[in-house]
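Shown next: data-v2.pdb, given as PDB, C-alpha atoms.
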```pdb
ATOM      1  CA  MET A1407       3.721 -24.699  -7.214
ATOM      2  CA  GLU A1408       2.641 -21.970  -9.569
ATOM      3  CA  LEU A1409       2.358 -18.456  -8.111
ATOM      4  CA  LEU A1410      -1.361 -18.197  -8.928
ATOM      5  CA  ASP A1411      -2.036 -21.386  -6.960
ATOM      6  CA  LEU A1412      -0.080 -20.080  -3.975
ATOM      7  CA  ILE A1413      -1.810 -16.682  -4.022
ATOM      8  CA  ARG A1414      -5.189 -18.407  -4.242
ATOM      9  CA  ASN A1415      -4.530 -19.770  -0.726
ATOM     10  CA  VAL A1416      -3.391 -16.490   0.872
ATOM     11  CA  GLU A1417      -5.971 -15.331   3.404
ATOM     12  CA  ILE A1418      -6.092 -11.617   2.430
ATOM     13  CA  PHE A1419      -6.805 -12.583  -1.188
ATOM     14  CA  ARG A1420      -9.665 -14.957  -0.250
ATOM     15  CA  GLY A1421     -12.785 -14.157  -2.284
ATOM     16  CA  LEU A1422     -11.008 -12.793  -5.352
ATOM     17  CA  THR A1423     -11.719 -14.367  -8.733
ATOM     18  CA  ASP A1424      -8.972 -16.098 -10.685
ATOM     19  CA  ALA A1425      -8.850 -13.113 -13.055
ATOM     20  CA  GLU A1426      -8.373 -10.754 -10.088
ATOM     21  CA  LEU A1427      -5.741 -13.039  -8.581
ATOM     22  CA  GLN A1428      -3.929 -12.996 -11.930
ATOM     23  CA  GLU A1429      -3.854  -9.204 -11.695
ATOM     24  CA  ILE A1430      -2.089  -9.600  -8.327
ATOM     25  CA  VAL A1431       0.373 -12.046  -9.897
ATOM     26  CA  ASN A1432       1.064  -9.502 -12.656
ATOM     27  CA  ILE A1433       2.319  -6.896 -10.165
ATOM     28  CA  CYS A1434       4.529  -9.321  -8.213
ATOM     29  CA  GLN A1435       8.297  -9.003  -8.502
ATOM     30  CA  SER A1436      10.361 -12.019  -7.508
ATOM     31  CA  GLN A1437      13.305 -11.584  -5.138
ATOM     32  CA  GLN A1438      15.722 -14.180  -3.851
ATOM     33  CA  LEU A1439      17.520 -13.896  -0.517
ATOM     34  CA  LYS A1440      20.459 -15.784   0.928
ATOM     35  CA  GLY A1441      20.276 -17.223   4.418
ATOM     36  CA  GLY A1442      21.046 -14.453   6.925
ATOM     37  CA  GLU A1443      20.081 -11.647   4.533
ATOM     38  CA  ASN A1444      17.545  -9.089   5.771
ATOM     39  CA  LEU A1445      14.387  -8.586   3.743
ATOM     40  CA  VAL A1446      13.199  -5.581   5.759
ATOM     41  CA  GLU A1447      14.677  -3.763   8.727
ATOM     42  CA  GLU A1448      12.922  -2.470  11.806
ATOM     43  CA  GLY A1449      12.295   1.274  11.486
ATOM     44  CA  ASP A1450      12.365   1.402   7.673
ATOM     45  CA  ILE A1451       9.382   2.950   5.890
ATOM     46  CA  GLY A1452       7.049   0.283   4.491
ATOM     47  CA  GLU A1453       6.485   0.889   0.785
ATOM     48  CA  GLU A1454       5.891  -2.704  -0.225
ATOM     49  CA  PHE A1455       4.715  -6.022   1.125
ATOM     50  CA  TYR A1456       5.936  -9.537   0.446
ATOM     51  CA  LEU A1457       4.624 -13.036  -0.088
ATOM     52  CA  ILE A1458       7.019 -15.828   0.846
ATOM     53  CA  THR A1459       7.090 -18.361  -1.993
ATOM     54  CA  GLY A1460      10.012 -20.532  -0.893
ATOM     55  CA  GLY A1461      12.252 -20.983   2.095
ATOM     56  CA  SER A1462      11.598 -19.334   5.431
ATOM     57  CA  VAL A1463      12.231 -16.175   7.423
ATOM     58  CA  GLU A1464      12.462 -15.140  11.046
ATOM     59  CA  VAL A1465      10.870 -12.004  12.492
ATOM     60  CA  ILE A1466      13.212 -10.260  14.916
ATOM     61  CA  LEU A1467      12.448  -7.492  17.391
ATOM     62  CA  GLY A1468      15.340  -5.242  18.374
ATOM     63  CA  ALA A1469      17.711  -6.669  15.746
ATOM     64  CA  ASN A1470      20.148  -3.804  16.359
ATOM     65  CA  GLN A1471      19.916  -4.074  20.151
ATOM     66  CA  PRO A1472      22.184  -6.074  22.456
ATOM     67  CA  SER A1473      19.495  -8.750  22.982
ATOM     68  CA  PRO A1474      17.445  -9.213  19.793
ATOM     69  CA  LYS A1475      14.456 -11.536  20.077
ATOM     70  CA  THR A1476      13.132 -13.837  17.353
ATOM     71  CA  VAL A1477       9.363 -13.795  17.774
ATOM     72  CA  LEU A1478       8.138 -15.720  14.743
ATOM     73  CA  HIS A1479       9.165 -18.012  11.898
ATOM     74  CA  MET A1480       7.272 -17.777   8.609
ATOM     75  CA  GLY A1481       7.233 -19.824   5.423
ATOM     76  CA  ALA A1482       5.682 -20.230   1.993
ATOM     77  CA  GLY A1483       2.254 -18.652   1.578
ATOM     78  CA  GLN A1484       2.657 -16.128   4.392
ATOM     79  CA  LEU A1485       2.716 -12.347   3.999
ATOM     80  CA  ILE A1486       5.181  -9.842   5.405
ATOM     81  CA  GLY A1487       4.536  -6.136   5.735
ATOM     82  CA  GLU A1488       0.933  -5.996   4.563
ATOM     83  CA  MET A1489       0.200  -3.349   7.220
ATOM     84  CA  ALA A1490       2.162  -0.955   4.996
ATOM     85  CA  LEU A1491      -0.877  -0.992   2.683
ATOM     86  CA  ILE A1492      -2.861   0.746   5.396
ATOM     87  CA  ASP A1493      -0.529   3.153   7.159
ATOM     88  CA  HIS A1494       2.719   3.414   5.157
ATOM     89  CA  GLY A1495       4.338   3.339   8.597
ATOM     90  CA  ARG A1496       7.700   2.171   9.797
ATOM     91  CA  ARG A1497       8.529  -1.519   9.949
ATOM     92  CA  SER A1498       7.905  -2.934  13.419
ATOM     93  CA  ALA A1499      10.506  -5.692  13.086
ATOM     94  CA  THR A1500      13.423  -6.958  11.052
ATOM     95  CA  VAL A1501      12.714  -9.934   8.797
ATOM     96  CA  ARG A1502      15.681 -12.137   7.930
ATOM     97  CA  ALA A1503      15.933 -15.118   5.574
ATOM     98  CA  ILE A1504      16.732 -18.378   7.326
ATOM     99  CA  GLU A1505      17.043 -20.735   4.381
ATOM    100  CA  ASP A1506      19.346 -20.326   1.422
ATOM    101  CA  PRO A1507      17.677 -19.503  -0.879
ATOM    102  CA  THR A1508      14.470 -17.875   0.337
ATOM    103  CA  THR A1509      12.197 -16.521  -2.389
ATOM    104  CA  VAL A1510       9.591 -13.792  -1.980
ATOM    105  CA  GLN A1511       7.236 -11.924  -4.267
ATOM    106  CA  MET A1512       7.344  -8.176  -3.662
ATOM    107  CA  ILE A1513       4.236  -6.074  -4.268
ATOM    108  CA  ARG A1514       4.805  -2.333  -4.213
ATOM    109  CA  ASN A1515       2.079  -0.373  -2.451
ATOM    110  CA  ASN A1516       1.779   2.013  -5.410
ATOM    111  CA  ASP A1517       1.291  -0.880  -7.844
ATOM    112  CA  PHE A1518      -1.361  -2.393  -5.595
ATOM    113  CA  LEU A1519      -3.161   0.945  -5.240
ATOM    114  CA  GLU A1520      -3.139   1.408  -9.024
ATOM    115  CA  LEU A1521      -4.690  -2.049  -9.360
ATOM    116  CA  CYS A1522      -7.369  -1.065  -6.817
ATOM    117  CA  ASN A1523      -8.100   2.118  -8.766
ATOM    118  CA  ARG A1524      -8.679  -0.007 -11.879
ATOM    119  CA  ASN A1525     -10.658  -2.642  -9.976
ATOM    120  CA  ALA A1526     -12.190  -1.329  -6.745
ATOM    121  CA  ARG A1527     -13.514  -4.790  -5.862
ATOM    122  CA  VAL A1528      -9.933  -6.037  -5.372
ATOM    123  CA  GLY A1529      -9.256  -3.270  -2.873
ATOM    124  CA  PHE A1530     -12.548  -3.847  -1.073
ATOM    125  CA  VAL A1531     -12.029  -7.606  -0.712
ATOM    126  CA  VAL A1532      -8.410  -7.294   0.408
ATOM    127  CA  MET A1533      -9.148  -4.535   2.936
ATOM    128  CA  ARG A1534     -12.168  -6.447   4.287
ATOM    129  CA  ASN A1535      -9.989  -9.533   4.756
ATOM    130  CA  MET A1536      -7.252  -7.479   6.413
ATOM    131  CA  ALA A1537      -9.796  -5.890   8.765
ATOM    132  CA  ALA A1538     -11.113  -9.338   9.736
ATOM    133  CA  ASP A1539      -7.573 -10.555  10.397
ATOM    134  CA  LEU A1540      -6.721  -7.500  12.506
ATOM    135  CA  SER A1541      -9.948  -7.877  14.446
ATOM    136  CA  PHE A1542      -9.105 -11.510  15.205
ATOM    137  CA  LYS A1543      -5.574 -10.605  16.317
ATOM    138  CA  LEU A1544      -6.793  -7.780  18.569
ATOM    139  CA  ARG A1545      -9.377 -10.030  20.201
ATOM    140  CA  HIS A1546      -6.715 -12.680  20.771
ATOM    141  CA  LEU A1547      -4.309 -10.129  22.239
ATOM    142  CA  ASN A1548      -7.014  -8.767  24.541
ATOM    143  CA  LEU A1549      -7.805 -12.294  25.762
ATOM    144  CA  ILE A1550      -4.146 -12.884  26.549
ATOM    145  CA  LYS A1551      -3.850  -9.567  28.403
ATOM    146  CA  SER A1552      -6.987 -10.221  30.456
ATOM    147  CA  ASN A1553      -5.672 -13.574  31.754
TER     148      ASN A1553
END
```

structure tokens encoding of this file:
Amino acid sequence: MELLDLIRNVEIFRGLTDAELQEIVNICQSQQLKGGENLVEEGDIGEEFYLITGGSVEVILGANQPSPKTVLHMGAGQLIGEMALIDHGRRSATVRAIEDPTTVQMIRNNDFLELCNRNARVGFVVMRNMAADLSFKLRHLNLIKSN
């Protein structure tokens, strides 16, 4: 599958035109990981986010603790680290490749922000979609906690 087609189906990019999606593609940098290799580590500063384009990863809490816990498996079309666009905070988990190879597209925050400065609509649409996703997740979490 071509990268543009994959990005077209990523939720935070929903509503962007093909020309705007191509601008996203233009700032992507492909990386390949071997099974067992970490993509990001818990506690690191988030300066980029990733789109999985092949293979799969596991999200691990407490990877450097005696009892690490895998909380999620992710595959092609899913994003990792997009919260770094908002807060430039520390990574909340370690993400490790499961399959060999696993391919991701890295988007540096600075490159994305430059794109948004050139085309404010891209930034607006992406941030609106991220806000909707966060709102959904918070509601879901609150429902779980209240039961």

Quiz prompt | Atom-to-atom span, CA of Ala1538 (chain A) and CA of Thr1508 (chain A), Å | solution =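 So the two atoms, CA of Ala1538 (chain A) and CA of Thr1508 (chain A), lie 28.6 Å apart.
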
Exercise. Evaluate the PyMOL selection byres ((chain A and resi 1451-1455) around 10) and record the selected residues as a ChimeraX atom specification, following the chain and residue labels used in the document.
Key: /A:1434,1446-1450,1456-1457,1485-1498,1510-1518

Practice problem: Evaluate the PyMOL selection byres ((chain A and resi 1419-1433) around 8) and record the selected residues as a ChimeraX atom specification, following the chain and residue labels used in the document. | Solution: /A:1409-1410,1413-1418,1434-1435,1513-1514,1517-1518,1521,1528,1531-1532,1535

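Applied to the file shown here, the PyMOL selection byres ((chain A and resi 1464) around 8) selects Ser1462, Val1463, Val1465, Ile1466, Thr1476, Val1477, Leu1478, His1479, Met1480, Val1501, Arg1502, Ala1503 and Ile1504 of chain A.
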
Practice problem: Could you jot down the CA of Gly1529 (chain A) to CA of His1546 (chain A) separation for me, Å, one decimal place? | Solution: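 Between CA of Gly1529 (chain A) and CA of His1546 (chain A) the gap is 25.6 Å.
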
Practice problem: Report the distance between CA of Asp1506 (chain A) and CA of Gly1461 (chain A) in Å, rounded to one decimal place. | Solution: 7.2 Å

Self-check item: Residue among A:Ala1499, A:Leu1547, A:Ala1482, A:Ala1537 lying closest to Gly1460 (chain A), counting all atoms listed in the file
Solution: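 Among A:Ala1499, A:Leu1547, A:Ala1482, A:Ala1537, it is A:Ala1482 that comes nearest to Gly1460 (chain A).
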
Quiz item: Nearest to Leu1519 (chain A): which of A:Leu1412, A:Leu1540, A:Met1533, A:Leu1445 is it, counting only C-alpha atoms?
Solution: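 Using only C-alpha atoms, the shortest distance to Leu1519 (chain A) belongs to A:Met1533.
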